[in-house]
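Enquirer: As input, take model.cif (mmCIF, C-alpha atoms and all ligand atoms):
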data_entry
loop_
_atom_site.label_atom_id
_atom_site.label_comp_id
_atom_site.auth_asym_id
_atom_site.auth_seq_id
_atom_site.Cartn_x
_atom_site.Cartn_y
_atom_site.Cartn_z
CA MET A 18 -151.14 188.85 -166.86
CA THR A 19 -149.97 185.80 -164.94
CA HIS A 20 -147.93 186.57 -161.90
CA ALA A 21 -145.24 184.14 -160.82
CA VAL A 22 -144.98 185.73 -157.38
CA GLU A 23 -147.86 187.51 -155.68
CA ILE A 24 -147.27 189.06 -152.30
CA GLU A 25 -150.14 190.77 -150.53
CA GLU A 26 -149.84 192.84 -147.38
CA LEU A 27 -147.15 190.55 -146.03
CA THR A 28 -146.13 191.25 -142.44
CA ARG A 29 -143.59 189.47 -140.28
CA VAL A 30 -143.02 190.36 -136.66
CA TYR A 31 -140.11 188.91 -134.68
CA PRO A 32 -140.74 188.71 -130.95
CA ARG A 33 -137.66 189.79 -128.97
CA LYS A 34 -136.80 189.03 -125.36
CA GLY A 35 -136.91 192.11 -123.14
CA GLN A 36 -137.44 194.40 -126.11
CA PRO A 37 -140.43 195.48 -128.18
CA ASP A 38 -141.31 193.16 -131.09
CA LEU A 39 -139.53 193.91 -134.33
CA THR A 40 -141.58 194.35 -137.49
CA ALA A 41 -139.26 193.12 -140.24
CA LEU A 42 -141.92 193.24 -142.98
CA SER A 43 -144.79 195.64 -142.83
CA ALA A 44 -147.78 195.02 -145.15
CA LEU A 45 -145.50 194.57 -148.14
CA SER A 46 -147.20 193.90 -151.49
CA LEU A 47 -145.46 193.01 -154.74
CA SER A 48 -146.37 191.17 -157.93
CA VAL A 49 -143.72 189.73 -160.19
CA PRO A 50 -144.98 188.69 -163.65
CA GLN A 51 -143.77 185.46 -165.18
CA GLY A 52 -140.39 185.81 -166.87
CA GLU A 53 -139.45 189.00 -165.03
CA VAL A 54 -136.18 189.58 -163.22
CA HIS A 55 -137.05 191.67 -160.19
CA SER A 56 -134.42 193.00 -157.79
CA LEU A 57 -134.94 194.14 -154.24
CA LEU A 58 -132.50 196.76 -153.04
CA GLY A 59 -132.35 198.06 -149.52
CA PRO A 60 -130.13 198.85 -146.57
CA ASN A 61 -129.10 196.26 -143.97
CA GLY A 62 -132.04 195.05 -141.97
CA ALA A 63 -134.61 196.27 -144.52
CA GLY A 64 -136.34 192.88 -144.51
CA LYS A 65 -135.10 191.37 -147.79
CA THR A 66 -133.87 188.09 -146.34
CA THR A 67 -137.03 187.75 -144.26
CA LEU A 68 -139.06 188.03 -147.47
CA CYS A 69 -136.91 185.43 -149.27
CA ARG A 70 -137.25 183.05 -146.32
CA ILE A 71 -141.03 183.38 -146.29
CA LEU A 72 -141.19 182.76 -150.04
CA SER A 73 -139.02 179.68 -149.64
CA THR A 74 -141.42 178.39 -146.93
CA VAL A 75 -138.79 178.23 -144.17
CA LEU A 76 -140.38 181.11 -142.23
CA LEU A 77 -144.03 181.79 -141.57
CA PRO A 78 -145.54 185.21 -142.15
CA SER A 79 -147.34 186.90 -139.23
CA SER A 80 -150.11 188.06 -141.57
CA GLY A 81 -150.82 188.66 -145.23
CA SER A 82 -150.22 186.14 -147.99
CA ALA A 83 -147.75 185.11 -150.65
CA ARG A 84 -148.15 182.79 -153.60
CA VAL A 85 -145.58 181.30 -155.93
CA LEU A 86 -146.97 180.11 -159.28
CA GLY A 87 -150.36 180.17 -157.62
CA HIS A 88 -149.33 178.09 -154.59
CA ASP A 89 -149.75 179.55 -151.13
CA VAL A 90 -146.50 179.60 -149.12
CA VAL A 91 -148.28 178.59 -145.91
CA ARG A 92 -150.90 176.11 -147.13
CA ASP A 93 -149.17 174.52 -150.14
CA THR A 94 -145.57 174.34 -148.99
CA ALA A 95 -144.78 171.15 -150.92
CA ALA A 96 -145.98 172.70 -154.19
CA VAL A 97 -144.09 175.92 -153.48
CA LYS A 98 -140.90 173.98 -152.79
CA ARG A 99 -141.23 172.26 -156.17
CA SER A 100 -141.76 175.61 -157.89
CA ILE A 101 -138.74 177.46 -156.56
CA GLY A 102 -134.98 177.23 -156.49
CA VAL A 103 -133.28 179.20 -153.75
CA VAL A 104 -129.73 180.49 -153.95
CA PHE A 105 -128.25 182.20 -150.92
CA GLY A 106 -124.97 184.08 -151.02
CA GLY A 107 -122.07 182.99 -148.86
CA ASP A 108 -121.31 179.51 -147.60
CA ARG A 109 -124.69 178.23 -146.54
CA GLY A 110 -126.02 174.94 -147.80
CA LEU A 111 -123.21 173.14 -149.61
CA TYR A 112 -121.47 170.02 -148.35
CA ASN A 113 -117.84 171.04 -148.44
CA ARG A 114 -116.32 167.60 -148.22
CA LEU A 115 -118.38 166.28 -151.11
CA THR A 116 -117.60 167.01 -154.74
CA ALA A 117 -119.80 169.29 -156.82
CA ARG A 118 -121.25 166.25 -158.58
CA GLN A 119 -122.02 164.53 -155.27
CA ASN A 120 -123.71 167.66 -153.94
CA LEU A 121 -125.94 167.89 -156.99
CA GLU A 122 -126.76 164.18 -157.04
CA PHE A 123 -127.68 164.38 -153.37
CA TRP A 124 -130.04 167.29 -154.05
CA ALA A 125 -131.51 165.51 -157.04
CA SER A 126 -132.22 162.50 -154.83
CA LEU A 127 -134.21 164.72 -152.48
CA TYR A 128 -136.40 165.59 -155.45
CA GLY A 129 -136.95 161.90 -156.10
CA LEU A 130 -134.84 161.55 -159.26
CA ARG A 131 -133.62 158.01 -159.95
CA ARG A 132 -129.95 157.16 -160.16
CA ALA A 133 -129.48 157.47 -163.93
CA ALA A 134 -131.59 160.62 -164.08
CA ARG A 135 -129.60 162.14 -161.19
CA ARG A 136 -126.34 161.53 -162.98
CA GLN A 137 -127.63 163.08 -166.18
CA ARG A 138 -129.11 166.08 -164.39
CA ALA A 139 -125.88 166.72 -162.48
CA ASP A 140 -123.85 166.51 -165.69
CA GLU A 141 -126.17 168.93 -167.49
CA LEU A 142 -126.13 171.45 -164.65
CA LEU A 143 -122.38 171.26 -164.14
CA ALA A 144 -121.92 172.00 -167.84
CA ARG A 145 -124.44 174.83 -167.73
CA VAL A 146 -122.65 176.63 -164.88
CA GLY A 147 -119.19 175.89 -166.30
CA LEU A 148 -117.98 173.50 -163.60
CA SER A 149 -117.61 170.27 -165.60
CA GLY A 150 -113.81 170.43 -165.37
CA ARG A 151 -113.87 170.56 -161.56
CA ALA A 152 -116.91 168.37 -161.00
CA ASP A 153 -115.10 165.65 -159.08
CA GLN A 154 -113.12 167.82 -156.69
CA PRO A 155 -114.34 168.55 -153.18
CA VAL A 156 -116.22 171.81 -152.81
CA GLN A 157 -113.83 172.99 -150.10
CA SER A 158 -111.18 173.46 -152.80
CA TYR A 159 -113.47 175.84 -154.73
CA SER A 160 -113.19 179.61 -154.97
CA ARG A 161 -116.12 181.71 -153.81
CA GLY A 162 -117.24 182.29 -157.39
CA MET A 163 -117.15 178.57 -158.13
CA LYS A 164 -119.14 177.80 -154.98
CA GLN A 165 -121.72 180.33 -156.04
CA ARG A 166 -122.03 178.71 -159.47
CA LEU A 167 -122.62 175.43 -157.70
CA HIS A 168 -125.26 177.10 -155.53
CA LEU A 169 -127.00 178.23 -158.68
CA ALA A 170 -126.79 174.72 -160.15
CA ARG A 171 -128.29 173.41 -156.92
CA GLY A 172 -131.12 175.92 -157.20
CA LEU A 173 -131.82 174.62 -160.71
CA VAL A 174 -131.91 170.91 -159.84
CA ALA A 175 -135.70 170.72 -159.82
CA ASP A 176 -136.00 172.94 -162.92
CA PRO A 177 -138.07 175.47 -160.96
CA GLY A 178 -140.20 178.16 -162.55
CA VAL A 179 -139.03 180.76 -160.04
CA LEU A 180 -135.50 181.40 -158.79
CA ILE A 181 -134.92 183.29 -155.57
CA LEU A 182 -131.41 184.69 -155.30
CA ASP A 183 -130.50 186.29 -151.98
CA GLU A 184 -127.37 188.39 -152.49
CA PRO A 185 -125.91 185.86 -154.90
CA THR A 186 -122.71 187.76 -155.67
CA VAL A 187 -121.86 188.91 -152.16
CA GLY A 188 -118.12 188.72 -151.54
CA MET A 189 -117.25 187.78 -155.12
CA ASP A 190 -114.47 189.52 -157.00
CA PRO A 191 -115.67 191.62 -159.96
CA LEU A 192 -114.79 189.00 -162.57
CA ALA A 193 -116.59 186.20 -160.76
CA ALA A 194 -119.59 188.49 -160.24
CA ARG A 195 -119.63 189.31 -163.95
CA ASP A 196 -119.58 185.62 -164.89
CA PHE A 197 -122.33 184.90 -162.40
CA ARG A 198 -124.49 187.68 -163.84
CA ALA A 199 -124.08 186.13 -167.28
CA LEU A 200 -125.49 182.88 -165.86
CA VAL A 201 -128.44 184.76 -164.37
CA ARG A 202 -129.10 186.41 -167.75
CA GLU A 203 -129.05 182.99 -169.37
CA GLN A 204 -131.70 181.80 -166.91
CA ARG A 205 -133.79 184.82 -167.71
CA ALA A 206 -133.52 184.08 -171.43
CA ARG A 207 -134.90 180.63 -170.66
CA GLY A 208 -138.00 182.29 -169.28
CA ARG A 209 -137.25 181.73 -165.62
CA THR A 210 -138.77 184.27 -163.21
CA ILE A 211 -136.11 185.63 -160.88
CA LEU A 212 -136.53 187.51 -157.62
CA MET A 213 -133.19 188.65 -156.33
CA THR A 214 -131.84 190.76 -153.50
CA THR A 215 -128.63 192.70 -153.83
CA HIS A 216 -126.76 195.61 -152.31
CA ASP A 217 -125.27 196.45 -155.66
CA MET A 218 -127.29 199.05 -157.55
CA ALA A 219 -125.25 198.61 -160.71
CA GLU A 220 -125.93 194.88 -160.59
CA ALA A 221 -129.64 195.47 -160.08
CA ALA A 222 -129.73 197.93 -162.99
CA ASP A 223 -127.78 195.55 -165.20
CA LEU A 224 -129.88 192.43 -164.65
CA SER A 225 -133.40 193.48 -163.81
CA ASP A 226 -136.63 194.32 -165.60
CA ARG A 227 -137.73 196.21 -162.48
CA VAL A 228 -136.04 197.19 -159.25
CA SER A 229 -137.85 197.74 -155.94
CA PHE A 230 -136.45 199.55 -152.95
CA VAL A 231 -137.22 198.11 -149.54
CA ASP A 232 -136.82 200.11 -146.39
CA ASN A 233 -137.99 199.34 -142.88
CA GLY A 234 -139.98 196.36 -144.10
CA ARG A 235 -141.89 198.40 -146.68
CA LEU A 236 -141.62 198.71 -150.42
CA THR A 237 -140.80 202.36 -150.99
CA LEU A 238 -140.69 202.52 -154.77
CA THR A 239 -140.31 200.42 -157.90
CA GLU A 240 -138.16 201.74 -160.71
CA SER A 241 -137.03 200.76 -164.17
CA PRO A 242 -133.39 199.65 -164.48
CA GLU A 243 -132.79 202.73 -166.65
CA THR A 244 -133.70 205.03 -163.76
CA VAL A 245 -131.55 203.08 -161.33
CA GLY A 246 -128.73 203.02 -163.87
CA ARG A 247 -128.92 206.80 -164.17
CA LEU A 248 -128.75 207.15 -160.41
CA VAL A 249 -125.63 205.03 -160.41
CA SER A 250 -123.87 206.50 -163.41
CA GLU A 251 -124.79 210.16 -163.53
CA ARG A 252 -124.31 211.39 -160.03
CA GLU A 253 -120.83 212.72 -159.40
CA ARG A 254 -119.11 214.17 -156.42
CA VAL A 255 -116.33 216.65 -155.91
CA GLU A 256 -114.49 216.31 -152.64
CA VAL A 257 -112.52 219.21 -151.25
CA GLN A 258 -110.00 218.45 -148.52
CA GLU A 259 -110.86 221.62 -146.61
CA ALA A 260 -113.96 223.39 -145.37
CA LEU A 261 -115.66 225.64 -147.92
CA PRO A 262 -116.10 229.32 -147.13
CA ALA A 263 -119.86 229.85 -146.67
CA GLU A 264 -120.11 232.31 -149.52
CA LEU A 265 -118.40 229.95 -151.98
CA GLY A 266 -120.64 227.11 -150.79
CA ALA A 267 -123.70 229.24 -151.55
CA ARG A 268 -122.42 230.08 -155.05
CA LEU A 269 -121.76 226.41 -155.79
CA ALA A 270 -125.25 225.47 -154.65
CA GLU A 271 -126.65 227.78 -157.33
CA VAL A 272 -124.84 226.11 -160.21
CA PRO A 273 -127.45 224.29 -162.34
CA GLY A 274 -127.16 220.54 -161.77
CA VAL A 275 -125.66 220.81 -158.29
CA VAL A 276 -127.65 218.46 -156.07
CA SER A 277 -126.10 219.16 -152.68
CA VAL A 278 -123.28 221.00 -150.95
CA THR A 279 -122.17 219.96 -147.48
CA GLY A 280 -122.77 222.42 -144.64
CA PRO A 281 -120.33 225.16 -143.70
CA GLY A 282 -117.39 224.02 -141.60
CA GLU A 283 -117.59 220.36 -142.64
CA ARG A 284 -114.35 218.71 -143.73
CA PRO A 285 -113.90 217.34 -146.27
CA ALA A 286 -116.50 219.39 -148.10
CA ARG A 287 -118.56 217.57 -150.69
CA VAL A 288 -120.44 218.87 -153.69
CA GLU A 289 -122.72 216.44 -155.45
CA THR A 290 -123.81 217.00 -159.02
CA ALA A 291 -126.22 215.43 -161.47
CA GLY A 292 -123.63 215.12 -164.25
CA THR A 293 -120.33 216.02 -165.86
CA GLU A 294 -121.28 219.51 -167.01
CA ALA A 295 -122.19 220.65 -163.50
CA THR A 296 -119.07 218.95 -162.13
CA ARG A 297 -116.93 220.87 -164.62
CA GLN A 298 -118.42 224.20 -163.53
CA VAL A 299 -117.99 223.35 -159.84
CA MET A 300 -114.33 222.44 -160.39
CA GLY A 301 -113.84 225.70 -162.31
CA LEU A 302 -115.29 227.81 -159.48
CA LEU A 303 -113.24 225.99 -156.84
CA LEU A 304 -110.01 226.37 -158.79
CA ALA A 305 -110.74 230.05 -159.41
CA ALA A 306 -111.10 230.46 -155.64
CA GLY A 307 -107.62 228.98 -155.18
CA ILE A 308 -108.84 225.62 -153.90
CA THR A 309 -106.77 222.96 -155.63
CA ASP A 310 -106.91 219.92 -153.38
CA LEU A 311 -109.87 218.34 -155.20
CA ALA A 312 -110.96 214.82 -155.95
CA LYS A 313 -113.75 213.63 -158.22
CA SER A 314 -115.64 210.48 -157.38
CA ARG A 315 -119.00 208.77 -157.57
CA PRO A 316 -121.30 208.99 -154.59
CA SER A 317 -121.37 205.86 -152.53
CA LEU A 318 -124.33 203.54 -152.41
CA GLU A 319 -125.09 205.00 -148.99
CA GLU A 320 -125.46 208.47 -150.41
CA THR A 321 -127.64 207.32 -153.26
CA TYR A 322 -129.90 205.53 -150.80
CA LEU A 323 -129.98 208.68 -148.75
CA HIS A 324 -131.47 210.53 -151.69
CA LEU A 325 -133.99 207.81 -152.33
CA LEU A 326 -134.99 206.86 -148.84
CA GLY A 327 -134.64 210.16 -147.04
CA SER A 328 -132.61 210.90 -143.99
CA ARG A 329 -132.55 207.35 -142.64
CA GLY A 330 -130.24 206.32 -145.46
CA MET A 331 -128.20 203.27 -144.56
CA ASP A 332 -128.63 203.54 -140.79
CA VAL A 333 -129.89 200.30 -139.38
CA GLY A 334 -131.53 202.33 -136.68
CA ARG A 335 -133.63 199.57 -135.07
N1 LIG A 401 -134.79 185.65 -136.01
C1 LIG A 401 -134.88 186.96 -135.80
N2 LIG A 401 -135.24 187.46 -134.59
C2 LIG A 401 -135.34 188.79 -134.38
N3 LIG A 401 -135.11 189.73 -135.33
C3 LIG A 401 -134.75 189.29 -136.55
C4 LIG A 401 -134.60 187.89 -136.87
N4 LIG A 401 -134.24 187.78 -138.16
C5 LIG A 401 -134.15 189.03 -138.65
N5 LIG A 401 -134.46 189.95 -137.69
C6 LIG A 401 -134.50 191.42 -137.84
O1 LIG A 401 -135.43 191.71 -138.87
C7 LIG A 401 -134.97 192.84 -139.63
C8 LIG A 401 -134.91 192.46 -141.08
O2 LIG A 401 -133.85 191.54 -141.29
P1 LIG A 401 -133.50 190.90 -142.70
O3 LIG A 401 -132.39 189.92 -142.49
O4 LIG A 401 -134.75 190.42 -143.34
O5 LIG A 401 -132.98 192.18 -143.48
P2 LIG A 401 -132.15 192.30 -144.85
O6 LIG A 401 -132.82 193.36 -145.62
O7 LIG A 401 -132.00 190.97 -145.47
O8 LIG A 401 -130.76 192.81 -144.33
P3 LIG A 401 -129.27 192.55 -144.89
O9 LIG A 401 -129.15 193.37 -146.10
O10 LIG A 401 -128.44 193.05 -143.75
O11 LIG A 401 -129.13 191.07 -145.12
C9 LIG A 401 -133.63 193.23 -139.02
O12 LIG A 401 -133.85 194.31 -138.14
C10 LIG A 401 -133.19 191.99 -138.28
O13 LIG A 401 -132.39 192.33 -137.17
#
Kindly return the structure encoded in the file as structure tokens.
Expert:
Amino acid sequence: MTHAVEIEELTRVYPRKGQPDLTALSALSLSVPQGEVHSLLGPNGAGKTTLCRILSTVLLPSSGSARVLGHDVVRDTAAVKRSIGVVFGGDRGLYNRLTARQNLEFWASLYGLRRAARRQRADELLARVGLSGRADQPVQSYSRGMKQRLHLARGLVADPGVLILDEPTVGMDPLAARDFRALVREQRARGRTILMTTHDMAEAADLSDRVSFVDNGRLTLTESPETVGRLVSERERVEVQEALPAELGARLAEVPGVVSVTGPGERPARVETAGTEATRQVMGLLLAAGITDLAKSRPSLEETYLHLLGSRGMDVGR
């Protein structure tokens, strides 16, 4: 099978003044087949952005290797740059005083497109990301979602085989994020390989063929979107606004499908379950014990990470 992205034992160490060096990536290996959408999930500081920067040739690895469509990111930077489109979340990289069309034509000129071709390419891309109606307004008047669409269009200027999206929907409202995901799906349908980082497990499950978890610069596991989706949708939590009596806590822990019960004395107490049936039984037992101040919710991303990554969870810790 042809791999669009091949990463072998990639390590990146940042020297720090007056402190020990920081290993942001630690012998990380990953292969992404052509046409796959692969998401990297991980807590802050896990090393995701460092990896994206190395793949986009703006940062050198300390050791190990990475290839994009067969081109080495250290030795063949020009070829790698032609093979990838990079989309960062947030405000980096757009010229705010220029219009969307001017931004795209400028980028197209960097790829050596002639005037007429630039115009045509900009028009096509603006239409594809749904910005034709606002094409001639300055980017500073755009909403975050619109800017992100323009970022994507910019990433597509050179018609790259591989798209690297680093937290592309960060800070977007849910509607804008949904629209953006539809654009990513469209790119996937066109056969584009996509490597994306996100903090949003539901987003990763929704878009990806595979999802990898990164922690402390290492790849900890790779899962199918179905598994990640289950982690997001099935886990439930019952929150009790008072401490649980130890004996009741022990009984709850024995209910089939109960994943965890917070320790005695902790307030609020939390019972986590693997699904609605267990949640129903837990609620029943609590109500029977006269505890009525209950709330049902989904575990946070932090808690889900905690299960996956062990006790470090979302702590940055370095
Ligand atoms: N230029 C730098 N000098 C020193 N340390 C750095 C530098 N850039 C990143 N780091 C450190 O490397 C580690 C990995 O950072 P990176 O930005 O790759 O993580 P991330 O997974 O993208 O995090 P986030 O989700 O917060 O964006 C962090 O501990 C960070 O502080």
Enquirer: Could you list, as a ChimeraX atom specification, all residues that come within 12 Å of ligand LIG 401 (chain A)? Count only C-alpha atoms and all ligand atoms.
Expert: /A:28-43,57-71,75-77,105-107,182-185,187,213-217,230-236,331-335
Enquirer: Could you pull the residues within 10 Å of Gly87 (chain A), counting all atoms listed in the file, minus those fewer than 3 positions along the same chain, as a ChimeraX atom specification?
Expert: /A:19-23,83-84,90,93,96-97,100
Enquirer: Using all atoms listed in the file, which of A:Leu304, A:Ser48, A:Asp153, A:Arg99 sits nearest Leu127 (chain A)?
Expert: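 Among the listed residues, the smallest separation from Leu127 (chain A) belongs to A:Arg99.
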Enquirer: Tell me which of A:Pro285, A:Val201, A:Pro262, A:Asn113 sits closest to Pro155 (chain A), counting all atoms listed in the file.
Expert: A:Asn113
Enquirer: Quick one: residues within 10 Å of Arg171 (chain A), all atoms listed in the file, excluding same-chain residues fewer than 4 positions away - as JSON, numbers by chain?
Expert: {"A": [102, 103, 104, 110, 111, 117, 120, 121, 122, 123, 124, 125, 139, 142, 143, 165, 166, 167, 175, 176]}
Enquirer: Would you mind reading off the distance between CA of Thr244 (chain A) and CA of Val54 (chain A), one decimal, in Å?
Expert: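 Taking CA of Thr244 (chain A) as the start and CA of Val54 (chain A) as the end point, the length is 15.7 Å.
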